[in-house]
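The next block is start.cif, given as mmCIF, C-alpha atoms and all ligand atoms.
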```cif
data_structure
loop_
_atom_site.label_atom_id
_atom_site.label_comp_id
_atom_site.auth_asym_id
_atom_site.auth_seq_id
_atom_site.Cartn_x
_atom_site.Cartn_y
_atom_site.Cartn_z
CA MET H 1 6.91 -25.31 9.44
CA LYS H 2 7.07 -21.59 8.79
CA THR H 3 4.61 -20.05 6.38
CA THR H 4 5.51 -17.13 4.13
CA LEU H 5 2.87 -14.75 2.87
CA SER H 6 4.06 -12.75 -0.16
CA VAL H 7 2.03 -9.91 -1.60
CA ILE H 8 3.54 -8.64 -4.85
CA LYS H 9 1.75 -6.05 -6.97
CA ALA H 10 2.20 -4.04 -10.11
CA ASP H 11 0.26 -1.81 -12.45
CA ILE H 12 0.67 -3.48 -15.81
CA GLY H 13 -2.10 -1.62 -17.59
CA GLY H 14 -5.28 0.21 -16.65
CA TYR H 15 -8.87 -0.23 -17.83
CA VAL H 16 -10.11 2.47 -18.57
CA GLY H 17 -7.29 4.99 -18.17
CA HIS H 18 -5.81 4.34 -14.73
CA SER H 19 -9.13 3.46 -13.06
CA SER H 20 -9.44 -0.32 -12.94
CA MET H 21 -8.36 -3.78 -14.10
CA HIS H 22 -9.43 -5.68 -17.20
CA PRO H 23 -10.79 -9.15 -16.27
CA ALA H 24 -8.42 -10.76 -18.79
CA LEU H 25 -5.43 -9.77 -16.64
CA ILE H 26 -6.97 -11.32 -13.54
CA GLU H 27 -7.59 -14.50 -15.51
CA ILE H 28 -3.98 -14.63 -16.76
CA ALA H 29 -2.67 -14.18 -13.21
CA GLU H 30 -5.01 -16.86 -11.86
CA THR H 31 -3.90 -19.32 -14.52
CA ALA H 32 -0.20 -18.64 -13.88
CA LEU H 33 -0.57 -19.00 -10.12
CA SER H 34 -2.73 -22.15 -10.42
CA GLU H 35 0.08 -23.74 -12.40
CA ALA H 36 2.57 -22.75 -9.69
CA LYS H 37 0.22 -24.18 -7.07
CA ASN H 38 -0.20 -27.46 -8.98
CA SER H 39 3.57 -27.77 -9.35
CA GLY H 40 3.98 -27.31 -5.58
CA MET H 41 5.95 -24.05 -5.83
CA ILE H 42 3.33 -22.17 -3.84
CA ILE H 43 0.76 -23.52 -1.41
CA ASP H 44 -2.07 -21.17 -2.23
CA PHE H 45 -2.90 -17.83 -3.84
CA SER H 46 -5.51 -15.18 -4.31
CA VAL H 47 -5.57 -12.62 -7.12
CA LEU H 48 -7.26 -9.28 -6.52
CA HIS H 49 -7.05 -5.77 -7.87
CA CYS H 50 -7.24 -2.36 -6.33
CA GLY H 51 -7.82 0.15 -9.10
CA ASP H 52 -5.23 -0.44 -11.82
CA ASP H 53 -2.98 -2.54 -9.57
CA LEU H 54 -2.82 -6.32 -9.93
CA GLU H 55 -2.33 -7.91 -6.52
CA LEU H 56 -0.76 -11.37 -6.24
CA ILE H 57 -1.26 -12.80 -2.76
CA MET H 58 0.70 -16.05 -2.35
CA THR H 59 1.65 -18.47 0.41
CA HIS H 60 4.67 -20.79 0.38
CA THR H 61 7.46 -22.08 2.61
CA LYS H 62 10.43 -20.48 0.85
CA GLY H 63 10.87 -17.42 3.08
CA VAL H 64 10.90 -13.74 2.17
CA GLU H 65 12.74 -12.36 -0.85
CA ASN H 66 12.82 -15.78 -2.46
CA GLN H 67 14.09 -15.71 -6.04
CA GLU H 68 11.68 -18.36 -7.36
CA ILE H 69 8.62 -16.62 -5.91
CA HIS H 70 9.71 -13.20 -7.15
CA LYS H 71 10.36 -14.65 -10.59
CA LEU H 72 6.91 -16.21 -10.60
CA ALA H 73 5.38 -12.80 -9.88
CA TRP H 74 7.60 -11.12 -12.45
CA ASP H 75 6.78 -13.66 -15.16
CA THR H 76 3.07 -13.33 -14.34
CA PHE H 77 3.28 -9.55 -14.75
CA ILE H 78 5.13 -10.04 -18.07
CA LYS H 79 2.38 -12.39 -19.32
CA GLY H 80 -0.27 -9.89 -18.23
CA THR H 81 1.60 -7.08 -19.95
CA GLU H 82 1.52 -8.97 -23.26
CA LYS H 83 -2.27 -9.13 -23.02
CA ALA H 84 -2.44 -5.51 -21.85
CA LYS H 85 -0.45 -4.49 -24.93
CA GLU H 86 -2.74 -6.50 -27.20
CA LEU H 87 -5.83 -4.80 -25.72
CA LYS H 88 -3.96 -1.48 -25.71
CA LEU H 89 -4.81 -1.10 -22.04
CA TYR H 90 -3.57 2.12 -20.58
CA GLY H 91 0.08 2.24 -19.50
CA ALA H 92 0.69 -1.43 -20.38
CA GLY H 93 3.67 -2.66 -18.34
CA GLN H 94 4.11 0.70 -16.62
CA ASP H 95 5.56 -0.72 -13.40
CA LEU H 96 8.03 -3.15 -14.99
CA LEU H 97 11.11 -1.02 -15.12
CA SER H 98 13.61 -3.51 -16.38
CA ASP H 99 13.47 -6.04 -19.18
CA ALA H 100 15.64 -8.58 -17.42
CA PHE H 101 14.75 -10.18 -14.09
CA SER H 102 17.75 -10.39 -11.78
CA GLY H 103 16.65 -12.41 -8.77
CA ASN H 104 14.43 -10.05 -6.81
CA VAL H 105 11.61 -7.74 -7.82
CA LYS H 106 12.56 -5.24 -5.12
CA GLY H 107 13.88 -2.15 -6.79
CA MET H 108 12.51 -3.20 -10.16
CA GLY H 109 9.12 -1.56 -9.96
CA PRO H 110 6.56 -3.95 -8.43
CA GLY H 111 5.58 -3.35 -4.78
CA VAL H 112 6.29 -6.10 -2.25
CA ALA H 113 5.26 -6.90 1.32
CA GLU H 114 6.24 -10.29 2.75
CA ILE H 115 5.98 -11.88 6.13
CA GLU H 116 7.26 -15.23 7.42
CA PHE H 117 5.84 -16.73 10.59
CA GLU H 118 5.18 -19.86 12.55
CA GLU H 119 1.42 -20.36 12.33
CA ARG H 120 -0.45 -20.00 15.58
CA ARG H 121 -3.44 -22.16 16.48
CA SER H 122 -5.38 -19.75 14.29
CA ASP H 123 -3.82 -16.96 12.25
CA PRO H 124 -6.07 -14.18 10.98
CA VAL H 125 -4.30 -11.84 8.54
CA ILE H 126 -5.52 -8.68 6.84
CA VAL H 127 -3.95 -7.57 3.56
CA PHE H 128 -4.56 -3.90 2.81
CA MET H 129 -4.11 -2.72 -0.77
CA ALA H 130 -4.34 0.92 -1.88
CA ASP H 131 -4.46 2.73 -5.19
CA LYS H 132 -3.61 6.34 -6.10
CA THR H 133 -1.45 6.97 -3.06
CA SER H 134 1.98 6.33 -1.57
CA PRO H 135 3.22 4.04 1.25
CA GLY H 136 3.12 7.01 3.65
CA ALA H 137 -0.63 6.39 3.67
CA TRP H 138 -0.03 3.50 6.14
CA ASN H 139 1.74 5.65 8.78
CA LEU H 140 -1.37 6.99 10.48
CA PRO H 141 -3.34 3.72 10.53
CA LEU H 142 -0.31 1.71 11.73
CA TYR H 143 0.33 4.23 14.48
CA LYS H 144 -3.30 3.93 15.56
CA MET H 145 -3.36 0.10 15.40
CA PHE H 146 -0.17 -0.48 17.37
CA GLY H 147 0.40 2.74 19.29
CA ASP H 148 -2.89 4.41 20.19
CA PRO H 149 -4.92 3.08 23.12
CA PHE H 150 -7.93 5.12 21.97
CA ASN H 151 -7.96 2.87 18.87
CA THR H 152 -6.64 -0.39 20.31
CA ALA H 153 -8.10 -1.24 23.68
CA GLY H 154 -5.81 -4.28 23.84
CA LEU H 155 -2.79 -2.03 24.45
CA VAL H 156 -4.36 -1.27 27.81
CA ILE H 157 -6.23 -4.44 28.75
CA ASP H 158 -4.57 -7.40 26.94
CA PRO H 159 -1.55 -8.64 28.95
CA HIS H 160 0.08 -9.99 25.74
CA MET H 161 0.17 -6.54 24.13
CA HIS H 162 0.64 -4.35 27.15
CA ASP H 163 4.45 -4.02 26.71
CA GLY H 164 3.91 -2.34 23.35
CA PHE H 165 5.48 -2.69 19.94
CA ILE H 166 8.67 -1.88 18.04
CA PHE H 167 8.15 0.28 14.95
CA GLU H 168 10.80 0.13 12.23
CA VAL H 169 10.84 3.46 10.38
CA LEU H 170 12.51 4.06 7.02
CA ASP H 171 13.95 7.40 5.93
CA ILE H 172 13.34 7.19 2.18
CA TYR H 173 15.70 10.05 1.35
CA GLU H 174 18.69 8.69 3.32
CA ASN H 175 17.75 4.99 2.93
CA THR H 176 18.29 4.35 6.65
CA VAL H 177 16.06 2.58 9.19
CA VAL H 178 15.53 3.21 12.88
CA ASP H 179 13.61 1.24 15.53
CA PHE H 180 11.32 3.03 17.97
CA SER H 181 10.11 1.34 21.13
CA ILE H 182 6.50 2.31 21.73
CA PRO H 183 5.02 3.65 24.02
CA GLU H 184 8.26 5.01 25.60
CA GLU H 185 9.48 6.69 22.40
CA LEU H 186 6.10 7.65 21.01
CA TYR H 187 6.68 11.38 20.92
CA ASP H 188 10.11 10.92 19.27
CA MET H 189 8.61 8.67 16.61
CA LEU H 190 5.74 11.04 15.85
CA VAL H 191 8.24 13.79 15.01
CA PHE H 192 9.20 11.63 12.02
CA ILE H 193 6.20 9.56 10.95
CA GLY H 194 3.94 12.61 10.76
CA ALA H 195 6.02 13.50 7.67
CA MET H 196 4.44 10.73 5.61
CA GLU H 197 6.27 11.44 2.38
CA HIS H 198 9.68 11.25 4.05
CA TYR H 199 9.47 8.62 6.81
CA LEU H 200 7.60 5.34 6.36
CA ILE H 201 6.70 2.65 8.88
CA LYS H 202 8.28 -0.42 7.32
CA SER H 203 7.37 -3.05 9.91
CA VAL H 204 6.01 -3.54 13.41
CA ARG H 205 7.06 -6.24 15.90
CA ARG H 206 5.64 -7.21 19.28
CA LYS H 207 8.05 -6.12 21.96
CA SER H 208 7.59 -9.07 24.34
CA ASP H 209 8.78 -11.73 21.85
CA ASN H 210 9.88 -9.82 18.72
CA GLU H 211 7.10 -11.52 16.72
CA VAL H 212 6.37 -9.74 13.44
CA ALA H 213 2.95 -8.09 13.41
CA ALA H 214 2.90 -5.94 10.26
CA VAL H 215 4.95 -5.33 7.12
CA SER H 216 4.38 -2.66 4.49
CA SER H 217 5.64 -2.19 0.96
CA THR H 218 8.04 0.72 0.89
CA GLN H 219 9.10 0.98 -2.71
CA LYS H 220 9.17 4.50 -4.12
CA LEU H 221 8.64 4.05 -7.82
CA ASN H 222 9.30 7.64 -8.66
CA PHE H 223 12.79 7.37 -7.18
CA LEU H 224 13.42 3.95 -8.64
CA ALA H 225 12.88 5.05 -12.16
CA GLY H 226 14.70 8.32 -11.76
CA LYS H 227 11.51 9.83 -13.06
CA TYR H 228 7.81 9.47 -12.46
CA VAL H 229 6.35 6.22 -13.79
CA GLY H 230 3.38 5.66 -11.49
CA LYS H 231 2.49 6.14 -7.85
CA ASP H 232 3.62 3.38 -5.52
CA ASP H 233 0.11 2.27 -4.61
CA PRO H 234 1.21 0.39 -1.50
CA VAL H 235 0.24 -2.84 0.23
CA LEU H 236 0.32 -3.75 3.91
CA ILE H 237 0.08 -7.08 5.74
CA VAL H 238 -1.19 -7.11 9.34
CA ARG H 239 -1.60 -10.12 11.63
CA ALA H 240 -4.51 -9.95 14.05
CA GLN H 241 -5.82 -11.39 17.34
CA SER H 242 -4.30 -13.34 20.27
CA GLY H 243 -1.69 -10.83 21.36
CA PHE H 244 -1.95 -8.66 18.26
CA PRO H 245 -4.68 -6.05 17.78
CA ALA H 246 -8.08 -7.71 17.15
CA MET H 247 -9.35 -7.61 13.58
CA GLY H 248 -11.74 -4.86 14.63
CA GLU H 249 -8.84 -2.83 16.01
CA VAL H 250 -6.78 -3.40 12.87
CA ILE H 251 -9.48 -1.95 10.61
CA GLU H 252 -10.80 0.76 12.98
CA PRO H 253 -8.27 3.44 11.82
CA PHE H 254 -9.87 3.38 8.36
CA THR H 255 -13.14 4.76 9.75
CA PHE H 256 -11.24 8.07 9.49
CA PRO H 257 -10.53 8.75 5.79
CA HIS H 258 -7.31 10.59 6.46
CA ILE H 259 -5.68 12.85 3.90
CA VAL H 260 -2.98 11.22 1.79
CA ALA H 261 -0.78 12.22 -1.13
CA GLY H 262 -1.58 10.81 -4.57
CA TRP H 263 -4.84 11.10 -6.49
CA MET H 264 -4.70 12.84 -9.88
CA ARG H 265 -1.22 12.65 -11.44
CA GLY H 266 0.16 11.62 -8.05
CA SER H 267 0.20 15.31 -7.27
CA HIS H 268 -2.76 15.95 -5.00
CA HIS H 269 -3.89 15.48 -1.44
CA GLY H 270 -7.21 13.76 -0.83
CA PRO H 271 -9.03 11.36 1.50
CA LEU H 272 -8.25 7.63 1.58
CA MET H 273 -11.62 5.97 1.00
CA PRO H 274 -12.12 2.41 2.37
CA VAL H 275 -14.17 0.41 -0.16
CA SER H 276 -15.36 -3.08 -1.04
CA PHE H 277 -13.47 -5.03 -3.72
CA GLU H 278 -16.13 -4.14 -6.30
CA ASP H 279 -15.82 -0.41 -5.58
CA ALA H 280 -12.04 -0.28 -5.92
CA ASN H 281 -12.16 1.67 -9.18
CA PRO H 282 -10.93 5.21 -8.51
CA SER H 283 -12.59 7.26 -11.25
CA ARG H 284 -13.53 10.73 -10.00
CA PHE H 285 -10.54 12.94 -10.84
CA ASP H 286 -8.73 9.55 -10.89
CA GLY H 287 -9.72 9.00 -7.29
CA PRO H 288 -10.24 9.66 -4.54
CA PRO H 289 -7.51 7.25 -3.36
CA ARG H 290 -8.92 3.84 -2.36
CA VAL H 291 -8.05 1.12 0.09
CA ILE H 292 -9.41 -2.42 0.21
CA ALA H 293 -8.88 -4.99 2.97
CA ALA H 294 -8.76 -8.72 2.28
CA GLY H 295 -9.09 -10.90 5.37
CA PHE H 296 -7.74 -14.46 5.46
CA GLN H 297 -7.44 -17.24 7.97
CA ILE H 298 -4.14 -18.94 7.22
CA ALA H 299 -4.39 -22.70 7.72
CA ASN H 300 -1.18 -24.66 7.04
CA GLY H 301 -0.38 -22.20 4.30
CA LYS H 302 -3.90 -22.32 2.81
CA LEU H 303 -5.49 -18.93 2.31
CA VAL H 304 -8.97 -19.34 3.73
CA GLY H 305 -10.64 -16.30 2.21
CA PRO H 306 -10.55 -13.58 1.08
CA ARG H 307 -13.26 -11.89 3.06
CA ASP H 308 -14.03 -8.39 1.78
CA ILE H 309 -13.60 -6.55 5.07
CA PHE H 310 -14.70 -3.02 4.07
CA LYS H 311 -17.90 -4.39 2.51
CA ASP H 312 -19.65 -3.41 5.68
CA PRO H 313 -22.21 -0.64 6.36
CA SER H 314 -20.15 0.43 9.36
CA PHE H 315 -17.74 1.97 6.85
CA ASP H 316 -20.50 3.90 5.03
CA ARG H 317 -19.92 6.98 7.14
CA ALA H 318 -16.18 6.93 6.36
CA ARG H 319 -17.10 6.78 2.66
CA ASP H 320 -19.59 9.66 3.05
CA THR H 321 -16.95 11.71 4.86
CA ALA H 322 -14.41 10.85 2.16
CA ASN H 323 -16.82 12.10 -0.51
CA GLU H 324 -17.37 15.32 1.42
CA MET H 325 -13.63 15.77 1.86
CA ALA H 326 -13.15 15.06 -1.84
CA ASP H 327 -15.55 17.90 -2.74
CA PHE H 328 -13.83 20.21 -0.28
CA PHE H 329 -10.35 19.46 -1.60
CA ARG H 330 -11.41 19.53 -5.24
CA ALA H 331 -12.81 23.03 -4.75
CA HIS H 332 -9.22 24.22 -4.19
CA GLY H 333 -8.38 23.30 -7.80
CA PRO H 334 -4.71 24.01 -8.46
CA PHE H 335 -4.12 25.51 -5.01
CA GLU H 336 -2.44 23.86 -2.04
CA PRO H 337 -3.20 21.96 0.11
CA HIS H 338 -5.14 20.06 -2.60
CA ARG H 339 -2.21 20.27 -4.97
CA LEU H 340 0.98 18.93 -3.39
CA PRO H 341 3.88 21.26 -2.60
CA LEU H 342 6.01 21.95 -5.69
CA GLU H 343 8.80 19.53 -4.78
CA GLU H 344 6.45 16.61 -4.03
CA MET H 345 4.39 16.60 -7.21
CA GLU H 346 4.89 13.64 -9.52
CA TYR H 347 4.16 15.79 -12.56
CA THR H 348 5.51 19.29 -12.94
CA THR H 349 5.93 21.92 -15.61
CA LEU H 350 7.98 24.09 -13.27
CA PRO H 351 11.39 23.85 -14.98
CA GLU H 352 9.91 24.69 -18.40
CA VAL H 353 7.78 27.54 -17.13
CA LYS H 354 10.72 28.92 -15.14
CA LYS H 355 12.89 28.72 -18.23
CA LYS H 356 10.30 30.51 -20.33
CA LEU H 357 10.10 33.32 -17.78
CA GLU H 358 13.88 33.59 -17.35
CA GLY H 359 14.90 37.18 -16.81
CA ARG H 360 11.37 38.31 -16.05
CA PHE H 361 11.69 37.93 -12.26
CA LYS H 362 13.10 41.34 -11.16
CA LYS H 363 14.90 41.82 -7.84
CA ILE H 364 13.05 44.28 -5.61
C1 LIG D 1 -2.18 8.69 -10.54
C2 LIG D 1 -2.48 8.18 -11.88
C3 LIG D 1 -3.31 9.00 -12.78
C4 LIG D 1 -2.48 9.58 -13.93
C5 LIG D 1 -3.31 10.54 -14.81
C6 LIG D 1 -2.53 11.08 -15.99
O1 LIG D 1 -1.39 7.81 -9.82
O2 LIG D 1 -2.05 7.13 -12.26
O3 LIG D 1 -3.97 10.01 -12.08
O4 LIG D 1 -1.36 10.26 -13.42
O5 LIG D 1 -4.42 9.86 -15.31
O6 LIG D 1 -2.02 10.00 -16.68
P1 LIG D 1 -1.22 10.11 -18.04
O7 LIG D 1 -0.06 11.03 -17.80
O8 LIG D 1 -0.83 8.70 -18.29
O9 LIG D 1 -2.18 10.68 -19.04
MG MG D 2 -1.86 3.07 -14.05
MG MG D 3 -2.36 2.29 -9.37
#
```
Before we go any further, please render this structure as structure tokens.
Amino acid sequence: MKTTLSVIKADIGGYVGHSSMHPALIEIAETALSEAKNSGMIIDFSVLHCGDDLELIMTHTKGVENQEIHKLAWDTFIKGTEKAKELKLYGAGQDLLSDAFSGNVKGMGPGVAEIEFEERRSDPVIVFMADKTSPGAWNLPLYKMFGDPFNTAGLVIDPHMHDGFIFEVLDIYENTVVDFSIPEELYDMLVFIGAMEHYLIKSVRRKSDNEVAAVSSTQKLNFLAGKYVGKDDPVLIVRAQSGFPAMGEVIEPFTFPHIVAGWMRGSHHGPLMPVSFEDANPSRFDGPPRVIAAGFQIANGKLVGPRDIFKDPSFDRARDTANEMADFFRAHGPFEPHRLPLEEMEYTTLPEVKKKLEGRFKKI
């Protein structure tokens, strides 16, 4: 029996502003998914939030991109939106871009990462969920997990990993994908994935047997809507241990709170701060961007967990560094590199200001 793990998320209303989740929305999602579990549609579920994003983590046997499962998520978000509207939560339904569900939530607004696999004797999985940033935020950690022997000792000393991994990279402007075989094509791949707002690591597979190791959500909401309606706030599923990086190697990249795009108005660079579930409420200048990690043992489709992986003093220093970086970046105010380059900002007044100043720029 193959197990499918589906993580589907949406921002259907923030509490307060864009900072967090009202408990009523969690309750609605839990009720909806319990019903689906009782009816046998899904095997198990866990509902979490990262900032203003509602995260539905579900297991089933229906495979990826399954219409029934996507509809369940969609309907759950619709129910939550009704409550969000009643409470006048902020941006109620902001990620639901279409009124009519047409088979698959991909391209409709919610973010999706799904993985289907034959369960091993024991299958530890980490689900990463971020708020106030874009899917490019996963490039650096995924590179470190699966490509950097200074992060992942197993690449050097575990015979099952020693051949390396295949990275599938998406060009979000051209909508094309390319596979890189790592380590041989490492330098070629880095040319692209270093540009995190253009090229995204979509999935990673083990080279020796093509087994899927990681899948990220790669929706770009701003493109989907044709206009800005909310940062993508991505999710990432990573399988760990026994021929994949150990759990400790999977989470090690987050000890470095690297600089990502997002934060206030999706238009600023800032550090990605790893936090516990209870601290996933980006408030200061709507940030800094957060990431949580939910660990599960998957047992015949049952989600044994979640364990709150970043609730660990060994991530305190990363949080301290992130706070220092946040001060440093904030001190730049409206100047780059805190503010994103003009063409990457989610909010801009540029066309209007340009129009107002028409004729005032003199050739010299
Ligand atoms: C960033 C985000 C927030 C909002 C900001 C302004 O992803 O969601 O930083 O962009 O709070 O929000 P509005 O325009 O809704 O007032
Ligand atoms: Mg929001
Ligand atoms: Mg969000």
Using only C-alpha atoms and all ligand atoms, what are the residues with an atom within 12 Å of ligand LIG 1 (chain D), set out as an NGL selection string? :H and (11-20 or 51-53 or 89-92 or 94-95 or 130-134 or 221-222 or 228-234 or 261-269 or 281-290 or 345-348)
So that I have them on file, write out the residues from the current selection with C-alpha atoms, as a JSON list (two decimals), in the coordinates of the input.
```json
[["chain", "number", "residue", "atom", "x", "y", "z"],
["H", 11, "ASP", "CA", 0.26, -1.81, -12.45],
["H", 12, "ILE", "CA", 0.67, -3.48, -15.81],
["H", 13, "GLY", "CA", -2.10, -1.62, -17.59],
["H", 14, "GLY", "CA", -5.28, 0.21, -16.65],
["H", 15, "TYR", "CA", -8.87, -0.23, -17.83],
["H", 16, "VAL", "CA", -10.11, 2.47, -18.57],
["H", 17, "GLY", "CA", -7.29, 4.99, -18.17],
["H", 18, "HIS", "CA", -5.81, 4.34, -14.73],
["H", 19, "SER", "CA", -9.13, 3.46, -13.06],
["H", 20, "SER", "CA", -9.44, -0.32, -12.94],
["H", 51, "GLY", "CA", -7.82, 0.15, -9.10],
["H", 52, "ASP", "CA", -5.23, -0.44, -11.82],
["H", 53, "ASP", "CA", -2.98, -2.54, -9.57],
["H", 89, "LEU", "CA", -4.81, -1.10, -22.04],
["H", 90, "TYR", "CA", -3.57, 2.12, -20.58],
["H", 91, "GLY", "CA", 0.08, 2.24, -19.50],
["H", 92, "ALA", "CA", 0.69, -1.43, -20.38],
["H", 94, "GLN", "CA", 4.11, 0.70, -16.62],
["H", 95, "ASP", "CA", 5.56, -0.72, -13.40],
["H", 130, "ALA", "CA", -4.34, 0.92, -1.88],
["H", 131, "ASP", "CA", -4.46, 2.73, -5.19],
["H", 132, "LYS", "CA", -3.61, 6.34, -6.10],
["H", 133, "THR", "CA", -1.45, 6.97, -3.06],
["H", 134, "SER", "CA", 1.98, 6.33, -1.57],
["H", 221, "LEU", "CA", 8.64, 4.05, -7.82],
["H", 222, "ASN", "CA", 9.30, 7.64, -8.66],
["H", 228, "TYR", "CA", 7.81, 9.47, -12.46],
["H", 229, "VAL", "CA", 6.35, 6.22, -13.79],
["H", 230, "GLY", "CA", 3.38, 5.66, -11.49],
["H", 231, "LYS", "CA", 2.49, 6.14, -7.85],
["H", 232, "ASP", "CA", 3.62, 3.38, -5.52],
["H", 233, "ASP", "CA", 0.11, 2.27, -4.61],
["H", 234, "PRO", "CA", 1.21, 0.39, -1.50],
["H", 261, "ALA", "CA", -0.78, 12.22, -1.13],
["H", 262, "GLY", "CA", -1.58, 10.81, -4.57],
["H", 263, "TRP", "CA", -4.84, 11.10, -6.49],
["H", 264, "MET", "CA", -4.70, 12.84, -9.88],
["H", 265, "ARG", "CA", -1.22, 12.65, -11.44],
["H", 266, "GLY", "CA", 0.16, 11.62, -8.05],
["H", 267, "SER", "CA", 0.20, 15.31, -7.27],
["H", 268, "HIS", "CA", -2.76, 15.95, -5.00],
["H", 269, "HIS", "CA", -3.89, 15.48, -1.44],
["H", 281, "ASN", "CA", -12.16, 1.67, -9.18],
["H", 282, "PRO", "CA", -10.93, 5.21, -8.51],
["H", 283, "SER", "CA", -12.59, 7.26, -11.25],
["H", 284, "ARG", "CA", -13.53, 10.73, -10.00],
["H", 285, "PHE", "CA", -10.54, 12.94, -10.84],
["H", 286, "ASP", "CA", -8.73, 9.55, -10.89],
["H", 287, "GLY", "CA", -9.72, 9.00, -7.29],
["H", 288, "PRO", "CA", -10.24, 9.66, -4.54],
["H", 289, "PRO", "CA", -7.51, 7.25, -3.36],
["H", 290, "ARG", "CA", -8.92, 3.84, -2.36],
["H", 345, "MET", "CA", 4.39, 16.60, -7.21],
["H", 346, "GLU", "CA", 4.89, 13.64, -9.52],
["H", 347, "TYR", "CA", 4.16, 15.79, -12.56],
["H", 348, "THR", "CA", 5.51, 19.29, -12.94]]
```
List as a JSON list (two decimals) with C-alpha atoms, in the frame of the given file: which residues have an atom within 8 Å of (-9.6, 3.2, 2.3), counting all atoms listed in the file?
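Writing the result to selection.json gives the following:
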```
[["chain", "number", "residue", "atom", "x", "y", "z"],
["H", 130, "ALA", "CA", -4.34, 0.92, -1.88],
["H", 254, "PHE", "CA", -9.87, 3.38, 8.36],
["H", 257, "PRO", "CA", -10.53, 8.75, 5.79],
["H", 272, "LEU", "CA", -8.25, 7.63, 1.58],
["H", 273, "MET", "CA", -11.62, 5.97, 1.00],
["H", 274, "PRO", "CA", -12.12, 2.41, 2.37],
["H", 275, "VAL", "CA", -14.17, 0.41, -0.16],
["H", 289, "PRO", "CA", -7.51, 7.25, -3.36],
["H", 290, "ARG", "CA", -8.92, 3.84, -2.36],
["H", 291, "VAL", "CA", -8.05, 1.12, 0.09],
["H", 292, "ILE", "CA", -9.41, -2.42, 0.21]]
```
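The shell of residues at most 10 Å from Glu27 in chain H, with all atoms listed in the file counted and near chain neighbours (fewer than 5 positions) removed, consists of His22, Ala32, Leu33, Val47 and Gly80 of chain H.
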I'd like the contact shell of range 41-45 of chain H - 6 Å cut-off, all atoms listed in the file, skipping same-chain residues fewer than 4 positions apart - returned as a ChimeraX atom specification. /H:36-37,57-60,301-302
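The gap separating CA of Leu236 in chain H from CA of Thr255 in chain H is 17.0 Å, in Å to one decimal.
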Find, counting all atoms listed in the file, the residue in H:Thr61, H:Thr76, H:Thr3, H:Thr176 that gets nearest to Ile298 in chain H. H:Thr3
Between H:Ala331, H:Ile193, H:Val178, H:Cys50, which is the closest to ligand MG 3 (chain D) once you count only C-alpha atoms and all ligand atoms? H:Cys50
Identify, on the basis of only C-alpha atoms, every residue whose closest approach to Val204 in chain H does not exceed 7 Å; exclude the query and any residue fewer than 4 positions from it along the same chain; express the result as a list in words. Phe165, Ile166, Phe167, Glu168, Val212, Ala213, Ala214 and Val215 of chain H
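Using all atoms listed in the file, the contacts of Lys2 in chain H at a cut-off of 12 Å, with sequence neighbours closer than 3 positions omitted, comprise Leu5, Thr59, His60, Thr61, Lys62, Gly63, Val64, Ile115, Glu116, Phe117, Glu118, Glu119, Arg120, Ile298, Ala299, Asn300 and Gly301 of chain H.
Relative to CA of Val235 in chain H, CA of Lys85 in chain H is found at 25.2 Å.
Picture a line from CA of Ile251 in chain H to CA of Ile182 in chain H; it runs 19.9 Å.
The nearest approach to ligand MG 2 (chain D) among the residues H:Met145, H:Leu56, H:Ile26, H:Ala84, with only C-alpha atoms and all ligand atoms taken into account, belongs to H:Ala84.
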Ranking H:Glu30, H:Gly40, H:Arg206, H:Gly111 by minimum distance to ligand MG 3 (chain D) and counting all atoms listed in the file, which one comes first? H:Gly111
Considering only C-alpha atoms and all ligand atoms, state which residue in the set H:Met129, H:Glu114, H:Arg121, H:Ala153 is at the smallest distance from ligand MG 3 (chain D). H:Met129
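When only C-alpha atoms are used to measure the gap to Phe150 in chain H, the shortest distance among H:Met1, H:Asp75, H:Gly359, H:Glu252 belongs to H:Glu252.
Residues with any atom within 12 Å of Asp158 in chain H, counting all atoms listed in the file and excluding same-chain neighbours fewer than 2 positions away, are Pro149, Thr152, Ala153, Gly154, Leu155, Val156, His160, Met161, His162, Asp163, Gly164, Gln241, Ser242, Gly243, Phe244, Pro245 and Ala246 of chain H.
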